[in-house]
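Trainee: Mind having a look at this structure? Questions to follow.
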Amino acid sequence: MKNIINKLSYITLFTSIIISCQSKEEKQMNEGYSENIASDLYNSKWYLINKENNEYYYCTNGDQFFEINKDKIYDHTPMEDTTFSIDHKKEKGDKIFLYGDKKESFYYMIRWVDKNKGIISFQLNTYESNLFIIEKKLTSIKNKTCQPSTKSCEFKNLSNKYKFILEAEEYKNEKEQKYPTSAWIIVTNKKNGKSQEIHYEPNSWTSYQDLPCTNFFVKDFNFDGLEDFAIVWDQGGVEKLYEYYLQDKNGNFSALASFPLQHGILAENIDLVNKTITTQSIIGCCHININKYKLNSNTTWESSSEQHELKKK
């Protein structure tokens, strides 16, 4: 009987050691990151700030902030508003990662810089990070009017592969940075950092008080599986007209005259299966013009048009 008790004691001790080792191993494996994050800590409104000579300050004439809630990030800049859905979150060391997809190819990274002052570092993917302060601590740092910088529109969330920037080079009113007369489109590959600069020249600058930041679209317009972009070219008429830049296999963008909608209205109705673009435009008071553009197998375009009478209400 005594031998049986001793055997049972050894078995119990051995089992305890195994469980202890497994727990220790699991703990070590989970030290890398954790998905159980108290995200309420970051759920607030955050304002862009700057740092100079170890002093933080907020530009009262600035207009950039973001808000985080349970499953979304609202990112506001002077030129663009973006809503980013959070698929899942992870904590790695002192950093919080908010991922936009399950593949984790797109994310925001947050890191505390000064928790007492409510200041964090906020970064999109591998781009340069910026400093932000939580709203309730905004009055605790210096507030001042800052010198305006060159105006630009950054379209960082329209494409997973490219970042687009529309940047003014010259203004008719340089002091107030109004009425641009020259601008550039800068296309940057997010993975390798390679950039292409394209001189942007609309039909006429006279109708532009500011850069046309709300009229920029990224789609596959010519059905080759590559992203292209369109930017407004003329906004003086009844409908805005667009200039289309198509991407080639080397990742370069150019405005091809052979594209049937070049300097035409925006291609909104795109049928990827049948490789067809359909546009509609109002003619006079009572008719609507429907145009169809189909890409043939020999890469030529076939167009057709029909007119319908508008239904009276």
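Simple scheme: letters A, B, ... for chains in structure tokens order, numbers from 1 for residues in each chain, numbers from 1 for ligands in the order shown.
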Skip Tyr244 (chain A) itself and residues of its chain fewer than 4 positions away, then list as a list in words all residues within 8 Å of it, counting only C-alpha atoms.

Mentor: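 The filter keeps Asp228, Phe229, Ala230, Ile231, Ser254, Ala255, Leu256, Phe259, Leu261, Gln262 and His263 of chain A.
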
Trainee: Could you name the residues that touch Met109 (chain A) at 12 Å or less, counting only C-alpha atoms, but leaving out those on the same chain fewer than 6 positions away, as a short mmCIF file (atom, residue, chain, number, x, y, z; two decimals) with all heavy atoms, in the first residue's frame?

Mentor:
data_model
loop_
_atom_site.label_atom_id
_atom_site.label_comp_id
_atom_site.auth_asym_id
_atom_site.auth_seq_id
_atom_site.Cartn_x
_atom_site.Cartn_y
_atom_site.Cartn_z
N TYR A 42 -7.71 54.44 -25.95
CA TYR A 42 -7.44 55.26 -27.11
C TYR A 42 -8.71 55.80 -27.76
O TYR A 42 -8.63 56.58 -28.71
CB TYR A 42 -6.65 54.45 -28.16
CG TYR A 42 -5.32 53.97 -27.66
CD1 TYR A 42 -5.16 52.70 -27.14
CD2 TYR A 42 -4.20 54.80 -27.71
CE1 TYR A 42 -3.94 52.26 -26.67
CE2 TYR A 42 -2.98 54.37 -27.24
CZ TYR A 42 -2.85 53.09 -26.72
OH TYR A 42 -1.63 52.67 -26.26
N ILE A 73 -11.92 54.22 -37.35
CA ILE A 73 -11.09 55.41 -37.18
C ILE A 73 -11.55 56.44 -38.21
O ILE A 73 -11.62 56.15 -39.40
CB ILE A 73 -9.60 55.11 -37.40
CG1 ILE A 73 -9.08 54.14 -36.35
CG2 ILE A 73 -8.77 56.40 -37.36
CD1 ILE A 73 -7.63 53.73 -36.56
N ILE A 86 -11.82 49.01 -38.51
CA ILE A 86 -10.85 48.19 -37.78
C ILE A 86 -11.31 46.74 -37.81
O ILE A 86 -12.37 46.40 -37.28
CB ILE A 86 -10.71 48.68 -36.32
CG1 ILE A 86 -10.28 50.15 -36.30
CG2 ILE A 86 -9.71 47.81 -35.57
CD1 ILE A 86 -10.30 50.75 -34.90
N LYS A 89 -7.26 44.02 -33.63
CA LYS A 89 -6.21 44.78 -32.97
C LYS A 89 -5.19 43.83 -32.33
O LYS A 89 -5.52 42.71 -31.97
CB LYS A 89 -6.81 45.67 -31.86
CG LYS A 89 -7.97 46.54 -32.33
CD LYS A 89 -8.70 47.17 -31.16
CE LYS A 89 -9.96 47.89 -31.63
NZ LYS A 89 -10.72 48.47 -30.52
N LYS A 90 -3.96 44.33 -32.23
CA LYS A 90 -2.92 43.56 -31.55
C LYS A 90 -2.02 44.52 -30.77
O LYS A 90 -1.80 45.66 -31.19
CB LYS A 90 -2.07 42.77 -32.55
CG LYS A 90 -2.73 41.52 -33.10
CD LYS A 90 -1.78 40.73 -33.98
CE LYS A 90 -2.45 39.47 -34.52
NZ LYS A 90 -1.53 38.70 -35.39
N GLU A 91 -1.48 44.00 -29.68
CA GLU A 91 -0.53 44.75 -28.88
C GLU A 91 0.82 44.07 -28.96
O GLU A 91 0.94 42.87 -28.69
CB GLU A 91 -1.00 44.82 -27.43
CG GLU A 91 -0.12 45.70 -26.56
CD GLU A 91 -0.69 45.86 -25.16
OE1 GLU A 91 -1.68 45.18 -24.85
OE2 GLU A 91 -0.13 46.65 -24.39
N LYS A 92 1.83 44.82 -29.40
CA LYS A 92 3.18 44.29 -29.51
C LYS A 92 4.13 45.20 -28.73
O LYS A 92 4.43 46.30 -29.19
CB LYS A 92 3.62 44.19 -30.97
CG LYS A 92 2.73 43.30 -31.83
CD LYS A 92 3.21 43.24 -33.27
CE LYS A 92 2.29 42.39 -34.14
NZ LYS A 92 2.75 42.32 -35.55
N GLY A 93 4.54 44.75 -27.58
CA GLY A 93 5.39 45.60 -26.74
C GLY A 93 4.62 46.83 -26.30
O GLY A 93 3.54 46.74 -25.72
N ASP A 94 5.18 48.02 -26.61
CA ASP A 94 4.51 49.28 -26.23
C ASP A 94 3.68 49.85 -27.37
O ASP A 94 3.26 51.00 -27.32
CB ASP A 94 5.55 50.31 -25.78
CG ASP A 94 6.52 50.68 -26.90
OD1 ASP A 94 6.60 49.93 -27.90
OD2 ASP A 94 7.20 51.72 -26.78
N LYS A 95 3.43 49.05 -28.42
CA LYS A 95 2.71 49.53 -29.59
C LYS A 95 1.36 48.83 -29.73
O LYS A 95 1.23 47.64 -29.45
CB LYS A 95 3.52 49.32 -30.87
CG LYS A 95 4.88 50.02 -30.88
CD LYS A 95 5.62 49.73 -32.18
CE LYS A 95 6.98 50.39 -32.21
NZ LYS A 95 7.91 49.78 -31.23
N ILE A 96 0.36 49.58 -30.19
CA ILE A 96 -0.96 49.03 -30.51
C ILE A 96 -1.12 49.09 -32.03
O ILE A 96 -0.92 50.13 -32.64
CB ILE A 96 -2.09 49.84 -29.86
CG1 ILE A 96 -1.91 49.88 -28.34
CG2 ILE A 96 -3.45 49.27 -30.23
CD1 ILE A 96 -2.11 48.55 -27.67
N PHE A 97 -1.49 47.96 -32.65
CA PHE A 97 -1.71 47.90 -34.09
C PHE A 97 -3.21 47.70 -34.36
O PHE A 97 -3.82 46.76 -33.85
CB PHE A 97 -0.91 46.75 -34.71
CG PHE A 97 0.57 46.99 -34.73
CD1 PHE A 97 1.34 46.77 -33.59
CD2 PHE A 97 1.20 47.44 -35.88
CE1 PHE A 97 2.71 47.00 -33.60
CE2 PHE A 97 2.56 47.68 -35.90
CZ PHE A 97 3.31 47.46 -34.76
N LEU A 98 -3.77 48.60 -35.15
CA LEU A 98 -5.17 48.52 -35.56
C LEU A 98 -5.20 48.14 -37.04
O LEU A 98 -4.85 48.94 -37.91
CB LEU A 98 -5.87 49.87 -35.34
CG LEU A 98 -5.70 50.49 -33.95
CD1 LEU A 98 -6.36 51.86 -33.89
CD2 LEU A 98 -6.24 49.58 -32.88
N TYR A 99 -5.58 46.90 -37.34
CA TYR A 99 -5.49 46.37 -38.69
C TYR A 99 -6.81 46.54 -39.45
O TYR A 99 -7.90 46.37 -38.89
CB TYR A 99 -5.12 44.89 -38.66
CG TYR A 99 -3.72 44.62 -38.18
CD1 TYR A 99 -3.47 44.22 -36.87
CD2 TYR A 99 -2.63 44.80 -39.03
CE1 TYR A 99 -2.18 43.98 -36.42
CE2 TYR A 99 -1.34 44.56 -38.58
CZ TYR A 99 -1.11 44.16 -37.28
OH TYR A 99 0.17 43.94 -36.84
N GLY A 100 -6.68 46.82 -40.74
CA GLY A 100 -7.86 47.01 -41.58
C GLY A 100 -8.32 45.76 -42.28
O GLY A 100 -9.41 45.75 -42.86
N ILE A 120 0.57 60.81 -28.05
CA ILE A 120 0.91 59.54 -28.69
C ILE A 120 1.60 59.78 -30.03
O ILE A 120 1.54 60.87 -30.60
CB ILE A 120 -0.35 58.68 -28.95
CG1 ILE A 120 -1.33 59.41 -29.88
CG2 ILE A 120 -1.01 58.28 -27.65
CD1 ILE A 120 -2.48 58.56 -30.37
N SER A 121 2.24 58.74 -30.52
CA SER A 121 2.76 58.70 -31.89
C SER A 121 1.76 57.89 -32.71
O SER A 121 1.35 56.80 -32.30
CB SER A 121 4.13 58.03 -31.91
OG SER A 121 4.54 57.76 -33.24
N PHE A 122 1.36 58.42 -33.85
CA PHE A 122 0.32 57.81 -34.69
C PHE A 122 0.90 57.64 -36.08
O PHE A 122 1.37 58.59 -36.69
CB PHE A 122 -0.91 58.72 -34.72
CG PHE A 122 -2.14 58.10 -35.35
CD1 PHE A 122 -2.77 57.03 -34.75
CD2 PHE A 122 -2.67 58.62 -36.51
CE1 PHE A 122 -3.91 56.47 -35.31
CE2 PHE A 122 -3.81 58.08 -37.08
CZ PHE A 122 -4.43 57.01 -36.48
N GLN A 123 0.87 56.40 -36.61
CA GLN A 123 1.56 56.11 -37.86
C GLN A 123 0.73 55.19 -38.75
O GLN A 123 0.14 54.23 -38.27
CB GLN A 123 2.90 55.44 -37.55
CG GLN A 123 3.73 55.04 -38.76
CD GLN A 123 5.05 54.39 -38.35
OE1 GLN A 123 5.55 54.63 -37.26
NE2 GLN A 123 5.59 53.56 -39.22
N LEU A 124 0.68 55.50 -40.05
CA LEU A 124 0.02 54.65 -41.04
C LEU A 124 1.06 53.77 -41.71
O LEU A 124 2.02 54.27 -42.30
CB LEU A 124 -0.69 55.49 -42.09
CG LEU A 124 -1.22 54.75 -43.33
CD1 LEU A 124 -2.31 53.76 -42.94
CD2 LEU A 124 -1.72 55.72 -44.39
N ASN A 125 0.89 52.45 -41.59
CA ASN A 125 1.84 51.48 -42.17
C ASN A 125 3.27 51.86 -41.82
O ASN A 125 3.59 52.06 -40.67
CB ASN A 125 1.62 51.36 -43.67
CG ASN A 125 0.34 50.61 -44.01
OD1 ASN A 125 -0.39 50.18 -43.12
ND2 ASN A 125 0.05 50.46 -45.28
N THR A 126 4.13 52.02 -42.83
CA THR A 126 5.53 52.35 -42.56
C THR A 126 5.85 53.81 -42.84
O THR A 126 7.01 54.19 -42.94
CB THR A 126 6.46 51.46 -43.42
OG1 THR A 126 6.13 51.62 -44.81
CG2 THR A 126 6.31 50.01 -43.03
N TYR A 127 4.81 54.64 -42.98
CA TYR A 127 5.04 56.05 -43.24
C TYR A 127 5.55 56.75 -41.97
O TYR A 127 5.49 56.21 -40.87
CB TYR A 127 3.77 56.74 -43.74
CG TYR A 127 3.33 56.26 -45.09
CD1 TYR A 127 2.13 55.56 -45.24
CD2 TYR A 127 4.11 56.48 -46.21
CE1 TYR A 127 1.73 55.09 -46.47
CE2 TYR A 127 3.72 56.01 -47.45
CZ TYR A 127 2.53 55.33 -47.58
OH TYR A 127 2.13 54.86 -48.80
N GLU A 128 6.00 57.98 -42.15
CA GLU A 128 6.51 58.76 -41.03
C GLU A 128 5.40 59.00 -40.01
O GLU A 128 4.27 59.33 -40.36
CB GLU A 128 7.07 60.09 -41.54
CG GLU A 128 7.72 60.94 -40.46
CD GLU A 128 8.30 62.23 -41.02
OE1 GLU A 128 8.28 62.41 -42.26
OE2 GLU A 128 8.78 63.06 -40.22
N SER A 129 5.72 58.84 -38.75
CA SER A 129 4.72 59.02 -37.70
C SER A 129 4.54 60.50 -37.36
O SER A 129 5.42 61.33 -37.63
CB SER A 129 5.13 58.25 -36.44
OG SER A 129 6.38 58.74 -35.96
N ASN A 130 3.39 60.82 -36.76
CA ASN A 130 3.09 62.17 -36.30
C ASN A 130 2.68 62.12 -34.84
O ASN A 130 2.24 61.08 -34.32
CB ASN A 130 1.96 62.79 -37.13
CG ASN A 130 2.40 63.10 -38.55
OD1 ASN A 130 3.36 63.82 -38.76
ND2 ASN A 130 1.70 62.55 -39.53
N LEU A 131 2.80 63.27 -34.17
CA LEU A 131 2.42 63.38 -32.77
C LEU A 131 1.00 63.91 -32.65
O LEU A 131 0.62 64.86 -33.34
CB LEU A 131 3.39 64.31 -32.02
CG LEU A 131 4.84 63.85 -31.92
CD1 LEU A 131 5.69 64.94 -31.28
CD2 LEU A 131 4.95 62.55 -31.13
#

Trainee: Identify, on the basis of only C-alpha atoms, every residue whose closest approach to region 65-69 of chain A does not exceed 6 Å; exclude the query and any residue fewer than 6 positions from it along the same chain; express the result as JSON, numbers by chain.

Mentor: {"A": [43, 44, 45, 46, 47, 48, 75, 76]}

Trainee: How many Å separate CA of Ile265 (chain A) from CA of Leu166 (chain A)?

Mentor: 20.3 Å

Trainee: Calculated over only C-alpha atoms, which of the candidates A:Glu227, A:Asp234, A:Glu55, A:Glu167 has the smallest distance to Ser140 (chain A)?

Mentor: A:Glu55

Trainee: Residues at most 12 Å from Ile283 (chain A), counting only C-alpha atoms, excluding those fewer than 2 positions away in the same chain, as a list in words?

Mentor: Val238, Glu239, Gln280, Ser281, Cys285, Cys286, His287, Ile288, Asn289, Ile290, Glu306, Gln307, His308, Glu309 and Leu310 of chain A

Trainee: Take the residues from that selection and put them in a file with C-alpha atoms, as a compact mmCIF listing (two decimals), in the first residue's frame.

Mentor:
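Printed below is result-v5.txt as written:
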# COMPACT_ATOMS: atom_id res chain seq x y z
CA VAL A 238 -22.63 71.49 -66.68
CA GLU A 239 -20.65 68.33 -65.87
CA GLN A 280 -25.10 59.10 -68.70
CA SER A 281 -25.50 62.80 -69.40
CA CYS A 285 -34.41 69.82 -70.68
CA CYS A 286 -35.90 66.55 -71.61
CA HIS A 287 -33.45 63.89 -72.76
CA ILE A 288 -30.69 61.67 -71.37
CA ASN A 289 -27.78 60.40 -73.43
CA ILE A 290 -26.43 56.90 -72.60
CA GLU A 306 -28.61 56.05 -77.43
CA GLN A 307 -30.91 58.80 -76.28
CA HIS A 308 -34.00 58.53 -74.09
CA GLU A 309 -36.67 60.96 -73.09
CA LEU A 310 -36.68 61.86 -69.44

Trainee: Considering only C-alpha atoms, tabulate each residue of region 131-239 of chain A that lies at most 10 Å from region 272-276 of chain A along with its nearest interatomic pair and the corresponding distance in Å to one decimal; arrange the rows by chain and ascending residue number and present them as a Markdown table.

Mentor:
| residue | atom | partner | partner_atom | distance |
| --- | --- | --- | --- | --- |
| A:Asp220 | CA | A:Leu272 | CA | 8.8 |
| A:Phe221 | CA | A:Leu272 | CA | 9.1 |
| A:Asn222 | CA | A:Lys275 | CA | 8.0 |
| A:Phe223 | CA | A:Lys275 | CA | 6.3 |
| A:Asp224 | CA | A:Lys275 | CA | 9.7 |
| A:Gly225 | CA | A:Leu272 | CA | 9.5 |

Trainee: Take the residues just selected and output them with C-alpha atoms as a short mmCIF file (atom, residue, chain, number, x, y, z; two decimals), in the first residue's frame.

Mentor:
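Written output follows (out_15.cif):
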data_model
loop_
_atom_site.label_atom_id
_atom_site.label_comp_id
_atom_site.auth_asym_id
_atom_site.auth_seq_id
_atom_site.Cartn_x
_atom_site.Cartn_y
_atom_site.Cartn_z
CA ASP A 220 -9.11 50.04 -63.07
CA PHE A 221 -10.54 52.00 -66.01
CA ASN A 222 -9.10 49.93 -68.88
CA PHE A 223 -9.66 46.39 -67.51
CA ASP A 224 -6.03 45.28 -67.35
CA GLY A 225 -6.06 44.48 -63.63
#

Trainee: So that I can check the secondary structure, give me every residue of region 214-244 of chain A assigned strand (DSSP E) by backbone DSSP, as a list in words.

Mentor: Phe216, Phe217, Val218, Lys219, Asp228, Phe229, Ala230, Ile231, Val232, Trp233, Asp234, Leu241, Tyr242, Glu243 and Tyr244 of chain A

Trainee: Just write the chosen residues, N, CA, C and O atoms, as an mmCIF file, in the first residue's frame.

Mentor:
data_model
loop_
_atom_site.group_PDB
_atom_site.id
_atom_site.type_symbol
_atom_site.label_atom_id
_atom_site.label_comp_id
_atom_site.auth_asym_id
_atom_site.auth_seq_id
_atom_site.Cartn_x
_atom_site.Cartn_y
_atom_site.Cartn_z
ATOM 1 N N PHE A 216 -10.824 63.244 -57.220
ATOM 2 C CA PHE A 216 -9.709 62.360 -57.534
ATOM 3 C C PHE A 216 -10.173 60.929 -57.273
ATOM 4 O O PHE A 216 -10.619 60.602 -56.178
ATOM 5 N N PHE A 217 -10.052 60.054 -58.288
ATOM 6 C CA PHE A 217 -10.594 58.702 -58.174
ATOM 7 C C PHE A 217 -9.582 57.667 -58.658
ATOM 8 O O PHE A 217 -8.867 57.907 -59.635
ATOM 9 N N VAL A 218 -9.523 56.531 -57.960
ATOM 10 C CA VAL A 218 -8.629 55.433 -58.331
ATOM 11 C C VAL A 218 -9.471 54.204 -58.657
ATOM 12 O O VAL A 218 -10.230 53.724 -57.815
ATOM 13 N N LYS A 219 -9.340 53.713 -59.890
ATOM 14 C CA LYS A 219 -10.053 52.512 -60.351
ATOM 15 C C LYS A 219 -9.266 51.880 -61.487
ATOM 16 O O LYS A 219 -8.355 52.501 -62.040
ATOM 17 N N ASP A 228 -5.666 52.598 -62.059
ATOM 18 C CA ASP A 228 -5.467 53.855 -62.766
ATOM 19 C C ASP A 228 -6.068 54.968 -61.914
ATOM 20 O O ASP A 228 -6.698 54.703 -60.891
ATOM 21 N N PHE A 229 -5.885 56.218 -62.325
ATOM 22 C CA PHE A 229 -6.561 57.286 -61.587
ATOM 23 C C PHE A 229 -7.083 58.351 -62.538
ATOM 24 O O PHE A 229 -6.613 58.499 -63.682
ATOM 25 N N ALA A 230 -8.104 59.069 -62.059
ATOM 26 C CA ALA A 230 -8.720 60.155 -62.823
ATOM 27 C C ALA A 230 -8.793 61.377 -61.929
ATOM 28 O O ALA A 230 -9.096 61.279 -60.744
ATOM 29 N N ILE A 231 -8.507 62.543 -62.501
ATOM 30 C CA ILE A 231 -8.575 63.804 -61.770
ATOM 31 C C ILE A 231 -9.336 64.807 -62.620
ATOM 32 O O ILE A 231 -9.247 64.779 -63.856
ATOM 33 N N VAL A 232 -10.098 65.684 -61.981
ATOM 34 C CA VAL A 232 -10.909 66.629 -62.731
ATOM 35 C C VAL A 232 -10.010 67.507 -63.612
ATOM 36 O O VAL A 232 -8.946 67.960 -63.204
ATOM 37 N N TRP A 233 -10.461 67.717 -64.844
ATOM 38 C CA TRP A 233 -9.684 68.481 -65.825
ATOM 39 C C TRP A 233 -10.378 69.790 -66.164
ATOM 40 O O TRP A 233 -9.732 70.793 -66.442
ATOM 41 N N ASP A 234 -11.698 69.783 -66.140
ATOM 42 C CA ASP A 234 -12.480 70.992 -66.438
ATOM 43 C C ASP A 234 -13.772 70.935 -65.614
ATOM 44 O O ASP A 234 -14.531 69.973 -65.723
ATOM 45 N N LEU A 241 -15.361 67.387 -66.296
ATOM 46 C CA LEU A 241 -14.626 66.538 -67.238
ATOM 47 C C LEU A 241 -13.322 66.093 -66.569
ATOM 48 O O LEU A 241 -12.721 66.846 -65.803
ATOM 49 N N TYR A 242 -12.884 64.870 -66.895
ATOM 50 C CA TYR A 242 -11.749 64.279 -66.195
ATOM 51 C C TYR A 242 -10.601 63.903 -67.132
ATOM 52 O O TYR A 242 -10.816 63.585 -68.299
ATOM 53 N N GLU A 243 -9.400 63.964 -66.555
ATOM 54 C CA GLU A 243 -8.215 63.471 -67.249
ATOM 55 C C GLU A 243 -7.850 62.134 -66.608
ATOM 56 O O GLU A 243 -7.740 62.026 -65.382
ATOM 57 N N TYR A 244 -7.657 61.122 -67.470
ATOM 58 C CA TYR A 244 -7.409 59.763 -67.002
ATOM 59 C C TYR A 244 -5.943 59.398 -67.178
ATOM 60 O O TYR A 244 -5.368 59.606 -68.257
#

Trainee: When you count only C-alpha atoms, which of these residues is closest to Phe155 (chain A): A:Glu52, A:Asp71, A:Glu302, A:Asp81?

Mentor: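 Using only C-alpha atoms, Phe155 (chain A) sits closest to A:Asp81.
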
Trainee: What's around Lys156 (chain A) at 10 Å? Count only C-alpha atoms, leave out sequence neighbours fewer than 2 positions away in its own chain, and write the answer as a short mmCIF file (atom, residue, chain, number, x, y, z; two decimals) with N, CA, C and O atoms, in the first residue's frame.

Mentor:
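Saved result, around25.cif, follows:
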data_model
loop_
_atom_site.label_atom_id
_atom_site.label_comp_id
_atom_site.auth_asym_id
_atom_site.auth_seq_id
_atom_site.Cartn_x
_atom_site.Cartn_y
_atom_site.Cartn_z
N GLU A 80 -9.01 66.03 -46.99
CA GLU A 80 -9.65 64.73 -47.19
C GLU A 80 -10.14 64.17 -45.86
O GLU A 80 -9.50 64.31 -44.82
N THR A 82 -11.42 60.48 -44.21
CA THR A 82 -11.38 59.05 -44.47
C THR A 82 -11.90 58.29 -43.25
O THR A 82 -11.54 58.61 -42.12
N LEU A 124 0.68 55.50 -40.05
CA LEU A 124 0.02 54.65 -41.04
C LEU A 124 1.06 53.77 -41.71
O LEU A 124 2.02 54.27 -42.30
N CYS A 153 -2.95 67.80 -51.22
CA CYS A 153 -3.96 66.79 -50.89
C CYS A 153 -3.26 65.44 -50.90
O CYS A 153 -2.63 65.10 -51.89
N GLU A 154 -3.41 64.69 -49.83
CA GLU A 154 -2.80 63.37 -49.76
C GLU A 154 -3.90 62.32 -49.79
O GLU A 154 -4.79 62.32 -48.93
N LEU A 158 -6.79 55.46 -50.93
CA LEU A 158 -7.53 55.10 -52.14
C LEU A 158 -6.98 53.84 -52.80
O LEU A 158 -7.66 53.21 -53.60
N SER A 159 -5.75 53.48 -52.44
CA SER A 159 -5.10 52.33 -53.05
C SER A 159 -4.26 51.61 -52.00
O SER A 159 -3.65 52.25 -51.14
N ASN A 160 -4.22 50.28 -52.06
CA ASN A 160 -3.36 49.51 -51.16
C ASN A 160 -1.90 49.56 -51.59
O ASN A 160 -1.00 49.33 -50.79
N LYS A 161 -1.67 49.87 -52.87
CA LYS A 161 -0.31 49.83 -53.41
C LYS A 161 0.33 51.21 -53.54
O LYS A 161 1.53 51.36 -53.37
N TYR A 162 -0.49 52.24 -53.84
CA TYR A 162 0.06 53.56 -54.11
C TYR A 162 -0.51 54.63 -53.18
O TYR A 162 -1.65 54.55 -52.74
N LYS A 163 0.32 55.63 -52.93
CA LYS A 163 -0.12 56.84 -52.27
C LYS A 163 -0.05 57.98 -53.29
O LYS A 163 0.93 58.10 -54.01
N PHE A 164 -1.09 58.81 -53.33
CA PHE A 164 -1.15 59.90 -54.29
C PHE A 164 -1.17 61.24 -53.55
O PHE A 164 -1.88 61.40 -52.56
N ILE A 165 -0.40 62.19 -54.04
CA ILE A 165 -0.38 63.54 -53.48
C ILE A 165 -0.56 64.54 -54.62
O ILE A 165 0.14 64.47 -55.63
N THR A 188 3.46 57.49 -55.28
CA THR A 188 4.51 56.77 -54.56
C THR A 188 4.08 55.33 -54.29
O THR A 188 2.98 55.10 -53.78
N LYS A 190 3.90 52.29 -52.18
CA LYS A 190 3.99 52.14 -50.73
C LYS A 190 5.02 51.10 -50.30
O LYS A 190 5.57 51.19 -49.20
#
